[in-house]
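Taking it in order: structure first as C-alpha cells, then the write-up.
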Amino acid sequence: GGCALFFYDPDMQAHLISRIRIETELREAISKGKQFELYYQPQINSLGIVTGAEALIRWNTADRGIVSPLEFIAIAEESGLILPLGDWVLETACQQLATWALEPKSAHLTLAVNISARQMGIPAFVENVLTIVSQANINPEKLKLELTESILLENMEDTITKMTALKARGIKFSIDDFGTGYSSLQYLKRLPLDQLKIDQSFIQDIENDPNDRAIVRTIIAMANSLNLEVIAEGVETEKQKELLTNKGCLNYQGYLFSKPLPLKMFNQYLTKH
Ligand code: C2E
Ligand code: CA
Ligand code: CA
Ligand code: CA
C-alpha cells in the first residue's frame, strides 16, 4: 500500500539523501568556519538615506556554488546546527558594526540580524548575545534582532523575559514577516518592540490588490498606535514605494534599492548614496 510506495519512492529517497548530505556538509563547514559569508541589504528611509542593513547569510560551497539560506536554515534548525551558526552570524554582524562605527559615512548604521526559534529558546540566549555585544565593543542600540511572530507566540513568557533583559541593555527588536502570523494588538502591547517589518507578500501585489492595501494600512495603524517604527520588505517598484509612503510607511528594503550585497559592494553602495 501507500507505506511501501512511500519508502521506495525514488523522489522521497533522493530528498532524504540530499537532506542528510546537506546536514553533513553543514556540520563540516561550521567546524571549519570558512564557507559562510554575510550579505548586507540596505534599508532606506523616505529621504533616501541608508539607515542600516539586514544581514543575510550565504553559504559558499566548493561544488554547488552559493547555497541559499532557504535550503539550509531549516535543516540547521532541526539539527541544532543553528546554535553555532547563529553565534557565528551574531559575532560577524557585531564585528561589522564595530568596523562601521569607525567611519563617518557608516557610523550611524543599524544592523538587523535574523534569530531563529531554536536560538532564542536556549536558556543561555541572553548571556550569549550580551557577551558577543560586549566583546565587539559596539553600541548595542545599533543591533536589531529580527524575530518572527511564531517565535513570539511559541513561548510568550520566556520570550518576553529574554527580550526585556536585552532591551534593558539597548538592543532593538523587530518582528519579521509581520502580518503572516496571528499577532493581536493586545499581545503586541506586551512585547518590548521597536519595529514591525511588513511581510513582502503584502507588498508584491499592493498596486492591484485592495485586500493587501487594507492589510498594509492596518499594520501601519497598529504600528503607529504602539509607537513602533514600520518598515516594508520586498519593495521592488517605485509605485509600491509611493503607495507605502502615502500610507505612512517611511522605511523600505527591497530590490528597488538593492539586492543583498557582499560587504565590499555594500560599502560601495554606501559611498554612492
Ligand atoms: P527574511 O528574513 O524574510 O529575508 C528576506 C528575504 O527576501 C531574503 O532572502 C532577501 O534576499 C529577499 N529579498 C529582499 N528584497 C527582496 C525583493 O525586493 N523581492 C524579493 N522577491 N525578495 C527580496 P534570503 O537572503 O534568501 O533569505 C531567506 C530567509 O532565510 C530569510 O528570510 C530568513 O528567514 C533566513 N535567513 C537568512 N539569513 C539568516 C540568518 O543569518 N539566520 C537565520 N536564522 N535565518 C536567516
Ligand atoms: Ca528577516
Ligand atoms: Ca522577512
Ligand atoms: Ca521571510
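Labeling convention for the C-alpha cells: chains A, B, ... as they appear, residues from 1 per chain, ligands from 1 in order of appearance.
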Closest contacts (chain A/ligand 4, max 8 Å, only C-alpha atoms and all ligand atoms) as JSON lines:
{"residue": "A:Asp176", "atom": "CA", "partner": "ligand 4", "partner_atom_place_in_ligand_line": "1 (Ca)", "distance": 7.1}
{"residue": "A:Asp177", "atom": "CA", "partner": "ligand 4", "partner_atom_place_in_ligand_line": "1 (Ca)", "distance": 5.4}
{"residue": "A:Asp199", "atom": "CA", "partner": "ligand 4", "partner_atom_place_in_ligand_line": "1 (Ca)", "distance": 7.0}
{"residue": "A:Gln200", "atom": "CA", "partner": "ligand 4", "partner_atom_place_in_ligand_line": "1 (Ca)", "distance": 7.6}
Worksheet item: If you run DSSP on this backbone, which residues of stretch 59-236 of chain A come out as strand (DSSP E or B), and could you give them as an MDAnalysis selection string?
Response: chainID A and resid 59:61 65:67 110:114 143:148 172:178 195:198 229:232
Worksheet entry | ligand 1 neighbours within 7 Å using only C-alpha atoms and all ligand atoms, as a list in words | Ala55, Leu56, Ile57, Ser68, Pro69, Leu70, Ile73, Gly86, Val89, Val113, Asn114, Ile115, Ser116, Asp176, Asp177, Glu233, Gly234, Val235, Glu236, Gln253, Gly254, Tyr255, Leu256, Lys259 and Pro260 of chain A
Fill in: Atom-to-atom span, atom CA of A:Arg190 and atom CA of A:Glu146, Å
16.9 Å
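Minimum distance to ligand 2 across A:Thr237, A:Ser225, A:Gln96, A:Gln43 (counting only C-alpha atoms and all ligand atoms) occurs at A:Gln43.
Proximity of A:Asn155, A:Ser174, A:Thr61, A:Asn208 to ligand 2, computed with only C-alpha atoms and all ligand atoms, is greatest for A:Ser174.
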Item to complete: Find the spatial neighbours of A:Val126, counting only C-alpha atoms, within a cut-off of 8 Å - ignore same-chain residues fewer than 5 positions away - and output them as a PyMOL selection string.
Response: chain A and resi 162+165-166
Write the selection just made, keeping all heavy atoms, as an mmCIF file, in the first residue's frame?
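Output saved as part.cif:
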data_model
loop_
_atom_site.group_PDB
_atom_site.id
_atom_site.type_symbol
_atom_site.label_atom_id
_atom_site.label_comp_id
_atom_site.auth_asym_id
_atom_site.auth_seq_id
_atom_site.Cartn_x
_atom_site.Cartn_y
_atom_site.Cartn_z
ATOM 1 N N LYS A 162 13.280 37.320 28.046
ATOM 2 C CA LYS A 162 14.560 37.467 27.341
ATOM 3 C C LYS A 162 14.636 38.791 26.588
ATOM 4 O O LYS A 162 15.664 39.477 26.613
ATOM 5 C CB LYS A 162 14.770 36.290 26.388
ATOM 6 C CG LYS A 162 15.122 35.014 27.148
ATOM 7 C CD LYS A 162 15.102 33.797 26.246
ATOM 8 C CE LYS A 162 15.560 32.571 27.038
ATOM 9 N NZ LYS A 162 15.261 31.326 26.343
ATOM 10 N N ALA A 165 15.259 41.687 29.014
ATOM 11 C CA ALA A 165 16.640 41.744 29.509
ATOM 12 C C ALA A 165 17.571 42.374 28.461
ATOM 13 O O ALA A 165 18.438 43.185 28.792
ATOM 14 C CB ALA A 165 17.121 40.344 29.863
ATOM 15 N N LEU A 166 17.377 42.028 27.198
ATOM 16 C CA LEU A 166 18.234 42.573 26.136
ATOM 17 C C LEU A 166 17.879 44.024 25.841
ATOM 18 O O LEU A 166 18.748 44.856 25.597
ATOM 19 C CB LEU A 166 18.116 41.712 24.874
ATOM 20 C CG LEU A 166 18.736 40.311 25.011
ATOM 21 C CD1 LEU A 166 18.407 39.456 23.795
ATOM 22 C CD2 LEU A 166 20.256 40.414 25.199
#
Discussion item. Between atom CA of A:Ala93 and atom CA of A:Leu145, what is the distance in Å, rounded to a tenth?
Written reply: 10.9 Å
Worksheet item: Any idea what's packed within 12 Å of A:Lys239, counting only C-alpha atoms, ignoring anything in its chain fewer than 5 positions away? Could you give it as a list in words?
Response: Ile203, Gln204, Asp205, Ile206, Glu207, Asn208, Leu244, Thr245, Asn246 and Leu256 of chain A
Practice prompt. Excluding A:Thr180 and residues on its chain fewer than 4 positions from it, collect all residues at most 9 Å away from it, counting only C-alpha atoms, and give them as a list in words.
Written response: Glu149, Ile198, Asp199 and Ser201 of chain A
